[in-house]
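Structure file my_file.cif (mmCIF, C-alpha atoms) is printed below.
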```
data_model
loop_
_atom_site.label_atom_id
_atom_site.label_comp_id
_atom_site.auth_asym_id
_atom_site.auth_seq_id
_atom_site.Cartn_x
_atom_site.Cartn_y
_atom_site.Cartn_z
CA MET A 221 -44.28 57.78 41.11
CA PRO A 222 -45.13 55.06 38.58
CA ASN A 223 -48.47 55.37 36.84
CA ILE A 224 -51.15 53.58 38.91
CA LEU A 225 -52.64 51.98 35.80
CA LYS A 226 -49.27 50.39 35.09
CA ARG A 227 -49.12 49.16 38.66
CA LEU A 228 -52.59 47.67 38.35
CA PHE A 229 -51.55 45.88 35.17
CA LEU A 230 -48.47 44.47 36.90
CA LEU A 231 -50.45 43.36 39.91
CA SER A 232 -53.04 41.68 37.69
CA CYS A 233 -50.35 39.46 36.18
CA VAL A 234 -49.17 37.83 39.40
CA PHE A 235 -50.20 34.37 38.26
CA LEU A 236 -47.40 34.16 35.69
CA LEU A 237 -44.45 32.03 36.78
CA GLY A 238 -41.11 31.04 35.30
CA GLY A 239 -39.58 27.67 34.44
CA PHE A 240 -36.87 25.78 36.23
CA SER A 241 -33.13 25.61 35.83
CA THR A 242 -31.00 22.51 35.53
CA ALA A 243 -27.60 24.15 35.00
CA SER A 244 -24.56 22.04 35.74
CA ALA A 245 -22.14 22.19 38.65
CA THR A 246 -19.09 20.27 39.72
CA PRO A 247 -19.89 17.30 42.00
CA VAL A 248 -18.83 18.05 45.57
CA ASP A 249 -18.12 14.55 46.89
CA HIS A 250 -17.58 11.00 45.72
CA GLN A 251 -21.28 10.47 45.01
CA SER A 252 -22.58 11.83 41.72
CA PHE A 253 -25.74 13.92 41.67
CA LYS A 254 -27.62 11.11 39.90
CA GLU A 255 -26.46 8.65 42.55
CA PHE A 256 -27.65 11.07 45.22
CA LEU A 257 -31.12 11.32 43.66
CA ASP A 258 -31.29 7.55 43.24
CA SER A 259 -30.32 6.92 46.86
CA PHE A 260 -32.55 9.65 48.28
CA TYR A 261 -35.61 7.80 47.04
CA ILE A 262 -35.09 5.23 49.80
CA GLU A 263 -35.64 7.98 52.39
CA ALA A 264 -38.57 9.42 50.44
CA ALA A 265 -40.22 6.00 50.12
CA SER A 266 -39.97 5.52 53.89
CA LYS A 267 -42.09 8.66 54.23
CA GLY A 268 -44.77 7.35 51.87
CA ILE A 269 -43.64 8.94 48.63
CA GLU A 270 -44.60 6.86 45.62
CA ARG A 271 -42.04 6.07 42.92
CA SER A 272 -44.23 7.66 40.25
CA THR A 273 -44.35 10.93 42.20
CA TYR A 274 -40.59 10.89 42.74
CA ASP A 275 -39.78 10.21 39.10
CA ARG A 276 -42.19 12.87 37.90
CA VAL A 277 -40.79 15.55 40.22
CA PHE A 278 -37.15 14.89 39.27
CA ALA A 279 -37.65 14.05 35.59
CA GLY A 280 -36.01 17.29 34.43
CA VAL A 281 -33.44 17.60 37.21
CA THR A 282 -30.19 16.12 35.94
CA GLU A 283 -27.48 18.28 37.54
CA PRO A 284 -27.07 20.53 40.57
CA ASN A 285 -27.59 24.23 39.92
CA PRO A 286 -24.32 26.16 40.45
CA GLU A 287 -26.22 29.42 40.91
CA ILE A 288 -27.95 27.95 43.96
CA LEU A 289 -24.64 26.87 45.46
CA LYS A 290 -23.18 30.31 44.82
CA LYS A 291 -26.06 32.00 46.63
CA ALA A 292 -25.78 29.53 49.49
CA ALA A 293 -22.05 30.12 49.85
CA TYR A 294 -22.34 33.90 49.80
CA GLN A 295 -24.53 34.87 52.71
CA PRO A 296 -22.98 38.00 54.27
CA GLU A 297 -24.06 39.27 57.66
CA PHE A 298 -27.09 41.53 57.49
CA THR A 299 -25.58 45.02 57.49
CA ALA A 300 -28.36 47.23 56.09
CA LYS A 301 -29.44 50.11 58.28
CA ILE A 302 -33.02 50.03 59.48
CA TRP A 303 -33.92 53.24 57.64
CA ASP A 304 -32.71 51.81 54.31
CA TYR A 305 -34.58 48.57 55.00
CA LEU A 306 -37.81 50.43 55.75
CA ASP A 307 -37.42 52.89 52.85
CA ALA A 308 -37.54 49.94 50.45
CA ARG A 309 -40.58 48.35 52.11
CA VAL A 310 -42.73 50.99 53.80
CA ASN A 311 -43.08 53.73 51.21
CA PRO A 312 -45.69 55.46 49.04
CA LEU A 313 -45.58 52.62 46.50
CA SER A 314 -46.20 49.79 48.97
CA ILE A 315 -48.95 51.82 50.63
CA ILE A 316 -50.70 52.68 47.34
CA ASP A 317 -50.47 49.09 46.10
CA GLY A 318 -51.71 47.78 49.44
CA ARG A 319 -54.77 50.00 49.32
CA ILE A 320 -55.47 48.87 45.76
CA MET A 321 -55.22 45.23 46.80
CA ALA A 322 -57.42 45.89 49.84
CA GLY A 323 -60.11 47.01 47.42
CA VAL A 324 -59.62 44.20 44.92
CA TYR A 325 -59.60 41.47 47.57
CA GLY A 326 -61.82 43.14 50.18
CA LYS A 327 -64.34 40.29 50.42
CA ILE A 328 -61.80 37.50 50.91
CA LEU A 329 -59.80 39.62 53.36
CA ARG A 330 -62.92 40.13 55.48
CA GLU A 331 -63.56 36.38 55.45
CA ILE A 332 -59.96 35.71 56.51
CA GLU A 333 -60.30 38.22 59.35
CA GLU A 334 -63.46 36.50 60.56
CA GLN A 335 -62.01 32.99 60.35
CA PHE A 336 -58.50 33.57 61.71
CA GLY A 337 -58.77 36.78 63.73
CA VAL A 338 -55.89 38.48 61.92
CA GLU A 339 -56.46 42.01 60.66
CA LYS A 340 -56.48 42.46 56.89
CA GLN A 341 -53.84 45.18 57.04
CA VAL A 342 -51.38 42.77 58.69
CA ILE A 343 -51.99 40.14 56.00
CA LEU A 344 -51.55 42.72 53.24
CA ALA A 345 -48.32 43.96 54.85
CA ILE A 346 -46.91 40.42 54.93
CA TRP A 347 -47.90 39.89 51.29
CA SER A 348 -46.12 43.12 50.40
CA MET A 349 -43.01 42.16 52.34
CA GLU A 350 -42.79 38.68 50.84
CA THR A 351 -43.49 39.25 47.13
CA SER A 352 -44.61 42.89 46.65
CA TYR A 353 -48.24 41.73 46.42
CA GLY A 354 -47.22 38.97 44.01
CA ALA A 355 -45.27 41.18 41.61
CA ALA A 356 -42.01 39.39 42.50
CA LEU A 357 -43.44 36.18 41.07
CA LEU A 358 -43.20 37.79 37.63
CA ARG A 359 -39.42 37.93 37.86
CA SER A 360 -38.79 34.46 36.49
CA SER A 361 -35.03 35.04 36.43
CA ARG A 362 -35.11 35.10 40.24
CA LEU A 363 -37.24 31.96 40.60
CA TYR A 364 -36.04 28.38 40.80
CA TYR A 365 -37.69 25.01 40.43
CA VAL A 366 -38.01 24.19 44.12
CA PRO A 367 -37.22 20.44 44.06
CA GLY A 368 -34.13 21.15 41.93
CA ALA A 369 -32.99 23.92 44.27
CA LEU A 370 -33.48 21.82 47.38
CA ALA A 371 -31.81 18.77 45.80
CA THR A 372 -28.83 20.99 44.95
CA LEU A 373 -28.57 22.15 48.57
CA ALA A 374 -29.03 18.63 49.96
CA TYR A 375 -26.29 17.37 47.66
CA GLY A 376 -23.81 20.22 47.65
CA ASP A 377 -24.17 22.38 50.77
CA LYS A 378 -23.04 20.61 53.92
CA ARG A 379 -24.41 23.37 56.18
CA ARG A 380 -27.91 23.04 54.77
CA GLN A 381 -28.10 19.31 54.04
CA LYS A 382 -30.37 18.46 56.98
CA PHE A 383 -32.70 21.37 56.23
CA ALA A 384 -32.78 20.66 52.51
CA ARG A 385 -33.47 16.95 52.93
CA SER A 386 -36.45 17.62 55.22
CA GLN A 387 -37.78 20.25 52.80
CA LEU A 388 -37.36 17.84 49.87
CA ILE A 389 -39.52 15.24 51.59
CA ALA A 390 -42.10 17.93 52.34
CA VAL A 391 -42.23 19.22 48.77
CA LEU A 392 -42.69 15.65 47.50
CA GLU A 393 -45.61 15.28 49.91
CA ILE A 394 -47.10 18.53 48.57
CA VAL A 395 -46.90 17.31 44.98
CA GLN A 396 -48.26 13.88 45.86
CA ALA A 397 -51.23 15.52 47.61
CA GLY A 398 -52.03 17.40 44.42
CA ASP A 399 -51.69 20.89 45.87
CA VAL A 400 -49.45 22.20 43.05
CA SER A 401 -48.55 21.36 39.47
CA LEU A 402 -44.89 21.00 38.61
CA ASP A 403 -44.86 23.99 36.28
CA GLU A 404 -46.00 26.19 39.18
CA LEU A 405 -43.51 24.77 41.68
CA ASN A 406 -41.10 27.70 41.65
CA GLY A 407 -39.67 29.73 44.49
CA SER A 408 -36.55 31.16 46.07
CA TRP A 409 -33.12 29.53 45.97
CA ALA A 410 -33.74 28.20 49.50
CA GLY A 411 -37.19 26.79 48.74
CA ALA A 412 -39.61 29.54 49.86
CA MET A 413 -42.73 29.33 47.72
CA GLY A 414 -45.73 31.27 46.52
CA HIS A 415 -47.25 34.66 47.20
CA THR A 416 -46.51 34.45 50.91
CA GLN A 417 -43.17 32.59 50.67
CA PHE A 418 -43.61 29.43 52.73
CA ILE A 419 -40.94 26.76 52.92
CA PRO A 420 -42.43 23.28 52.29
CA THR A 421 -42.62 22.13 55.92
CA SER A 422 -44.33 25.36 56.98
CA PHE A 423 -46.75 24.99 54.08
CA LEU A 424 -47.67 21.51 55.32
CA ALA A 425 -48.20 22.87 58.84
CA TYR A 426 -50.24 25.96 57.95
CA GLY A 427 -51.55 25.58 54.38
CA VAL A 428 -55.23 26.47 53.90
CA ASP A 429 -57.65 25.76 51.05
CA MET A 430 -59.55 29.04 51.39
CA ASP A 431 -61.15 29.02 47.94
CA GLY A 432 -62.56 25.50 48.42
CA ASP A 433 -61.18 23.93 45.24
CA GLY A 434 -59.61 20.99 47.06
CA ARG A 435 -56.03 22.32 46.87
CA ARG A 436 -53.94 24.44 49.22
CA ASP A 437 -52.53 26.63 46.47
CA ILE A 438 -50.31 29.52 47.58
CA TRP A 439 -48.85 29.84 44.07
CA SER A 440 -51.87 30.94 42.04
CA SER A 441 -54.72 31.25 44.56
CA ILE A 442 -54.48 34.52 46.43
CA PRO A 443 -57.23 33.48 48.90
CA ASP A 444 -55.25 30.34 49.79
CA ALA A 445 -51.97 32.28 50.08
CA LEU A 446 -53.36 35.01 52.33
CA ALA A 447 -55.31 32.56 54.49
CA THR A 448 -52.17 30.44 54.91
CA ALA A 449 -50.28 33.48 56.20
CA ALA A 450 -53.14 34.31 58.56
CA ASN A 451 -53.25 30.72 59.79
CA LEU A 452 -49.57 30.84 60.75
CA LEU A 453 -50.17 33.90 62.91
CA HIS A 454 -53.42 32.47 64.29
CA LYS A 455 -51.83 29.18 65.34
CA ASN A 456 -49.05 31.12 67.04
CA LYS A 457 -51.66 32.91 69.20
CA TRP A 458 -52.12 36.21 67.36
CA ARG A 459 -53.96 38.65 69.63
CA THR A 460 -56.88 40.04 67.63
CA GLY A 461 -57.38 43.77 67.96
CA LYS A 462 -54.10 44.30 69.81
CA SER A 463 -51.26 46.48 68.59
CA TRP A 464 -47.83 45.20 67.61
CA GLY A 465 -46.27 48.11 69.54
CA TYR A 466 -45.64 51.83 69.66
CA GLU A 467 -43.02 54.34 68.57
CA VAL A 468 -41.84 56.21 71.68
CA VAL A 469 -39.72 59.20 72.59
CA VAL A 470 -36.87 57.91 74.74
CA PRO A 471 -36.00 60.19 77.68
CA SER A 472 -32.40 61.13 78.37
CA GLY A 473 -30.57 58.02 79.52
CA GLY A 474 -33.57 55.86 78.73
CA GLU A 475 -31.59 53.69 76.32
CA ARG A 476 -30.16 51.88 79.36
CA PHE A 477 -33.54 50.11 79.65
CA LYS A 478 -33.42 48.54 76.19
CA GLY A 479 -34.31 44.87 76.25
CA GLU A 480 -36.28 45.23 79.49
CA THR A 481 -39.98 44.42 79.80
CA LYS A 482 -42.48 46.48 81.82
CA THR A 483 -46.11 47.48 81.57
CA LEU A 484 -46.84 50.47 79.36
CA ALA A 485 -47.96 52.36 82.46
CA GLN A 486 -44.57 51.68 84.09
CA TRP A 487 -42.75 52.84 80.96
CA GLN A 488 -44.77 56.03 81.03
CA LYS A 489 -43.75 56.67 84.65
CA LEU A 490 -40.12 56.38 83.49
CA GLY A 491 -40.70 59.15 80.95
CA PHE A 492 -41.42 57.15 77.79
CA PHE A 493 -44.20 58.73 75.73
CA ARG A 494 -45.63 58.36 72.27
CA PRO A 495 -44.72 61.27 69.94
CA ALA A 496 -47.11 64.25 70.02
CA GLY A 497 -48.33 63.16 73.44
CA ILE A 498 -50.63 60.39 72.15
CA ALA A 499 -51.74 58.14 74.99
CA PHE A 500 -51.01 54.42 75.11
CA GLU A 501 -54.12 52.42 74.29
CA GLU A 502 -53.29 49.41 76.48
CA SER A 503 -51.55 50.77 79.58
CA GLY A 504 -51.67 47.44 81.41
CA GLU A 505 -49.98 45.49 78.60
CA LYS A 506 -46.36 44.39 78.96
CA ALA A 507 -43.91 45.73 76.39
CA GLU A 508 -40.21 45.39 75.65
CA LEU A 509 -38.09 48.40 74.76
CA LYS A 510 -36.23 48.06 71.48
CA MET A 511 -33.79 50.58 70.02
CA ILE A 512 -33.73 49.18 66.51
CA GLY A 513 -31.96 52.18 64.99
CA GLY A 514 -29.33 52.41 67.73
CA ASP A 515 -29.20 54.45 70.92
CA ASP A 516 -29.54 57.73 69.00
CA GLY A 517 -32.70 56.65 67.21
CA PRO A 518 -36.34 56.45 68.23
CA GLY A 519 -37.49 53.76 70.62
CA PHE A 520 -40.21 51.15 70.25
CA LEU A 521 -42.24 49.50 72.97
CA VAL A 522 -43.22 46.21 71.37
CA LEU A 523 -46.04 43.94 72.50
CA ARG A 524 -46.79 40.25 72.10
CA ASN A 525 -47.93 40.55 68.47
CA PHE A 526 -44.50 41.87 67.47
CA PHE A 527 -42.96 38.58 68.55
CA ILE A 528 -45.67 36.60 66.78
CA LEU A 529 -44.73 38.43 63.57
CA LYS A 530 -41.20 37.18 64.16
CA ARG A 531 -42.50 33.62 63.89
CA TYR A 532 -42.96 34.44 60.22
CA ASN A 533 -39.45 35.86 59.91
CA ASN A 534 -37.20 35.98 62.97
CA SER A 535 -36.02 39.55 62.44
CA ASP A 536 -36.76 42.76 64.35
CA PHE A 537 -36.42 44.64 61.05
CA TYR A 538 -39.06 42.43 59.44
CA ALA A 539 -41.55 42.64 62.31
CA LEU A 540 -41.16 46.42 62.54
CA ALA A 541 -41.68 46.83 58.80
CA VAL A 542 -44.83 44.69 58.83
CA GLY A 543 -46.19 46.60 61.83
CA LEU A 544 -45.49 50.04 60.36
CA LEU A 545 -46.86 49.14 56.94
CA ALA A 546 -49.98 47.59 58.47
CA ASP A 547 -50.53 50.80 60.43
CA ARG A 548 -50.30 52.90 57.27
CA LEU A 549 -52.71 50.60 55.43
CA ALA A 550 -55.11 51.00 58.36
CA GLY A 551 -55.03 54.78 57.88
CA LYS A 552 -52.75 55.55 60.82
CA ASN A 553 -49.90 58.02 60.70
CA GLY A 554 -46.38 56.89 59.96
CA MET A 555 -43.35 57.38 62.15
CA ILE A 556 -42.89 60.88 63.51
CA GLN A 557 -39.31 60.86 64.78
CA PRO A 558 -36.44 60.83 62.28
CA TRP A 559 -33.88 58.06 62.01
CA PRO A 560 -30.24 59.02 62.66
CA ARG A 561 -29.34 58.98 58.97
CA PRO A 562 -25.80 59.97 57.98
CA ALA A 563 -25.30 63.52 56.70
CA GLY A 564 -26.30 63.77 53.06
CA ALA A 565 -28.35 60.53 53.06
CA LEU A 566 -31.56 60.44 51.04
CA SER A 567 -35.04 60.10 52.49
CA ALA A 568 -37.43 57.45 51.18
CA THR A 569 -39.17 59.97 48.90
CA GLU A 570 -35.84 61.21 47.55
CA LYS A 571 -34.78 57.67 46.68
CA PHE A 572 -37.85 57.39 44.45
CA GLU A 573 -36.98 60.75 42.89
CA LEU A 574 -33.40 59.65 42.23
CA GLN A 575 -34.53 56.45 40.48
CA GLU A 576 -37.05 58.39 38.40
CA LEU A 577 -34.36 60.83 37.26
CA LEU A 578 -31.91 58.04 36.45
CA THR A 579 -34.65 56.35 34.42
CA GLU A 580 -35.52 59.55 32.54
CA LYS A 581 -31.86 60.07 31.64
CA GLY A 582 -31.42 56.48 30.46
CA PHE A 583 -29.11 55.23 33.21
CA TYR A 584 -31.54 52.88 34.97
CA SER A 585 -34.34 50.56 33.88
CA GLY A 586 -34.97 48.40 36.95
CA GLY A 587 -38.24 49.94 38.08
CA VAL A 588 -38.88 52.74 40.56
CA ASP A 589 -39.27 51.09 43.96
CA GLY A 590 -37.18 53.18 46.36
CA HIS A 591 -34.68 50.36 46.86
CA ILE A 592 -31.11 51.44 46.14
CA GLY A 593 -29.81 48.03 45.16
CA PRO A 594 -27.04 46.85 42.80
CA ASN A 595 -28.89 47.89 39.61
CA THR A 596 -29.53 51.41 40.90
CA GLN A 597 -25.91 51.66 42.02
CA LYS A 598 -24.74 50.66 38.54
CA GLY A 599 -26.94 53.39 37.09
CA ILE A 600 -25.46 55.92 39.50
CA GLU A 601 -21.93 54.86 38.53
CA ALA A 602 -22.74 55.23 34.82
CA PHE A 603 -24.12 58.72 35.41
CA GLN A 604 -21.11 59.67 37.53
CA ARG A 605 -18.74 58.55 34.79
CA GLN A 606 -20.60 60.53 32.17
CA GLN A 607 -20.50 63.63 34.34
CA GLY A 608 -16.83 63.25 35.25
CA LEU A 609 -17.68 62.75 38.91
CA SER A 610 -16.01 60.48 41.41
CA VAL A 611 -17.45 57.02 40.73
CA ASP A 612 -18.66 55.44 43.98
CA GLY A 613 -22.27 54.43 43.23
CA LYS A 614 -23.55 56.20 46.33
CA ALA A 615 -27.01 57.78 46.47
CA THR A 616 -26.55 61.16 48.15
CA GLN A 617 -28.20 64.56 48.38
CA GLU A 618 -25.40 66.04 46.29
CA LEU A 619 -25.89 63.45 43.53
CA LEU A 620 -29.63 64.13 43.51
CA LYS A 621 -28.98 67.84 43.00
CA VAL A 622 -26.71 67.14 40.02
CA LEU A 623 -29.28 64.74 38.53
CA ALA A 624 -32.04 67.33 38.91
CA GLN A 625 -30.13 70.06 37.04
#
```

Would you give me this structure, written as structure tokens?
Amino acid sequence: MPNILKRLFLLSCVFLLGGFSTASATPVDHQSFKEFLDSFYIEAASKGIERSTYDRVFAGVTEPNPEILKKAAYQPEFTAKIWDYLDARVNPLSIIDGRIMAGVYGKILREIEEQFGVEKQVILAIWSMETSYGAALLRSSRLYYVPGALATLAYGDKRRQKFARSQLIAVLEIVQAGDVSLDELNGSWAGAMGHTQFIPTSFLAYGVDMDGDGRRDIWSSIPDALATAANLLHKNKWRTGKSWGYEVVVPSGGERFKGETKTLAQWQKLGFFRPAGIAFEESGEKAELKMIGGDDGPGFLVLRNFFILKRYNNSDFYALAVGLLADRLAGKNGMIQPWPRPAGALSATEKFELQELLTEKGFYSGGVDGHIGPNTQKGIEAFQRQQGLSVDGKATQELLKVLAQ
């Protein structure tokens, strides 16, 4: 595991942000990018955007960013397995960091709980999921000047033009209101911003000035960012003190009920129980059965709060990860039943061990986070070549044994 002091140093630097890109791209229709920006002001002005604001925001944006268009064009179907998804997000590192942040920001988290009725562990889990407690904001190479990114999409991506135009108007409103300086206005290629990754329209709907400085600042004010996330859940009717759901043992043939909704007491009569015989805490509550890992995996009886988490990100994987991580940060046990991993697949702990060994041997320098992404795969391939092994970049039990020798 990485040294905790190093982690604390990284987490203390979350206010650093990168600059913006204005790389060139080939115009995609008869209108030049400059002509597009000139004409778009008419729409912006109709929404109350002043010319001085518009000119200031786009002063350094002269060409569409081809990297944005490349990312927009290459959006493969989500094919990750749930166990790989969770390994990278609910692991010893995210739990340790979350407990550190709970201590550092304990006072403000208690205030957010009192004001919005959302448990601090849930807010911390969302922060972890969105930017690894702000650490992702340090990776300036992965950040984009938001108005430039959205202008690129509005100009060059026909599928996202409507979305991008509405987000452009919203980001102009944010700047005009004085919530953010231009040098802080960085985010994802699709316009998600700040510690808790809000798109501009969502920021306008849920943004909170928690620290009382007159700005709703999710970029450099952690109180504002965490309160904004809590406000989203609160306004979508978060149920304070209620669970998101439960891991359950599915009886033989029970998978035929997936997608159905019954009370927890009714599920129990059908033979669905929590592992180790733990009783349901809310037997009268209605819950839907989800088999997120497939029919051979564990089941989950999910309650209303699970679906409220999906208002943040409309993904079962995301809501499950937030729920499980929040549980661990609250001191509860993790999952008990195993996922149906393929033979030879690594566990979450073993993925950390593999990255540590690759780092020690000089084949990987991307940071030990348990996520077997492209950089880790390149390191594996380099090691395999050196060892005269078949080069496939796969992280397996057999590879781990060779690395450990």

Which neighbours of Gly473 of chain A fall inside 12 Å, counting all atoms listed in the file, when residues of the same chain fewer than 5 positions from it are skipped, and could you give them as an mmCIF file with C-alpha atoms, in the coordinates of the input?
```cif
data_model
loop_
_atom_site.group_PDB
_atom_site.id
_atom_site.type_symbol
_atom_site.label_atom_id
_atom_site.label_comp_id
_atom_site.auth_asym_id
_atom_site.auth_seq_id
_atom_site.Cartn_x
_atom_site.Cartn_y
_atom_site.Cartn_z
ATOM 1 C CA LYS A 478 -33.420 48.540 76.190
ATOM 2 C CA LEU A 490 -40.120 56.380 83.490
ATOM 3 C CA GLY A 491 -40.700 59.150 80.950
ATOM 4 C CA PHE A 492 -41.420 57.150 77.790
ATOM 5 C CA ASP A 515 -29.200 54.450 70.920
ATOM 6 C CA ASP A 516 -29.540 57.730 69.000
#
```

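Restricting the calculation to all atoms listed in the file, the smallest distance between Gln617 of chain A and any of A:Pro443, A:Pro562, A:Gly427, A:Pro594 is found for A:Pro562.
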
### Task
Could you list the residues chosen by the PyMOL selection byres ((chain A and resi 498-508) around 6) in this structure as a PyMOL selection string?
chain A and resi 479-485+494+496-497+509+521-523

Grab the residues selected above and save them as a PDB file, in the frame of the given file with C-alpha atoms.
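The new file part-v6.pdb reads:
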```
ATOM      1  CA  GLY A 479     -34.310  44.870  76.250  1.00  0.00           C
ATOM      2  CA  GLU A 480     -36.280  45.230  79.490  1.00  0.00           C
ATOM      3  CA  THR A 481     -39.980  44.420  79.800  1.00  0.00           C
ATOM      4  CA  LYS A 482     -42.480  46.480  81.820  1.00  0.00           C
ATOM      5  CA  THR A 483     -46.110  47.480  81.570  1.00  0.00           C
ATOM      6  CA  LEU A 484     -46.840  50.470  79.360  1.00  0.00           C
ATOM      7  CA  ALA A 485     -47.960  52.360  82.460  1.00  0.00           C
ATOM      8  CA  ARG A 494     -45.630  58.360  72.270  1.00  0.00           C
ATOM      9  CA  ALA A 496     -47.110  64.250  70.020  1.00  0.00           C
ATOM     10  CA  GLY A 497     -48.330  63.160  73.440  1.00  0.00           C
ATOM     11  CA  LEU A 509     -38.090  48.400  74.760  1.00  0.00           C
ATOM     12  CA  LEU A 521     -42.240  49.500  72.970  1.00  0.00           C
ATOM     13  CA  VAL A 522     -43.220  46.210  71.370  1.00  0.00           C
ATOM     14  CA  LEU A 523     -46.040  43.940  72.500  1.00  0.00           C
TER      15      LEU A 523
END
```

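Using the PyMOL selection byres ((chain A and resi 391) around 9) on the file at hand returns these residues: Val366, Pro367, Ser386, Gln387, Leu388, Ile389, Ala390, Leu392, Glu393, Ile394, Val395, Gln396, Ile419, Pro420, Thr421 and Leu424 of chain A.
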
### Task
Name the residues that the PyMOL selection byres ((chain A and resi 276-284) around 12) pulls out of this structure, and write them as a ChimeraX atom specification.
/A:239-248,252-258,260-261,269-275,285-290,364-377,388-389,391-396,400-405

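Distance-wise, atom CA of Val428 of chain A and atom CA of Glu350 of chain A end up 17.7 Å apart.
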
### Message
Given only C-alpha atoms as the basis, pick out the residue of A:His454, A:Ala292, A:Gly461, A:Pro518 nearest to Trp409 of chain A.
### Response
A:Ala292

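Compared by their closest atoms to Ala410 of chain A, and using all atoms listed in the file, the residues A:Lys457, A:Arg436, A:His591, A:Lys291 rank with A:Lys291 nearest.
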
### Message
When you look at Ile328 of chain A with a cut-off of 10 Å (counting all atoms listed in the file), what residues show up, excluding the ones that are within fewer than 3 positions of it in the same chain? I need them as a list in words.
### Response
Ala322, Val324, Tyr325, Glu331, Ile332, Glu333, Glu334, Lys340, Met430, Asp431, Ile442, Pro443, Asp444, Leu446 and Ala447 of chain A

### Task
Please write as a PyMOL selection string the list of polymer residues whose atoms come within 12 Å of (-22.6, 66.1, 34.9), counting only C-alpha atoms and keeping to the coordinates of the file.
chain A and resi 581+600-611+618-625

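Counting only C-alpha atoms and comparing A:Leu313, A:Ala449, A:Ala265, A:Ile346, the residue that lies closest to Ala546 of chain A is A:Ile346.
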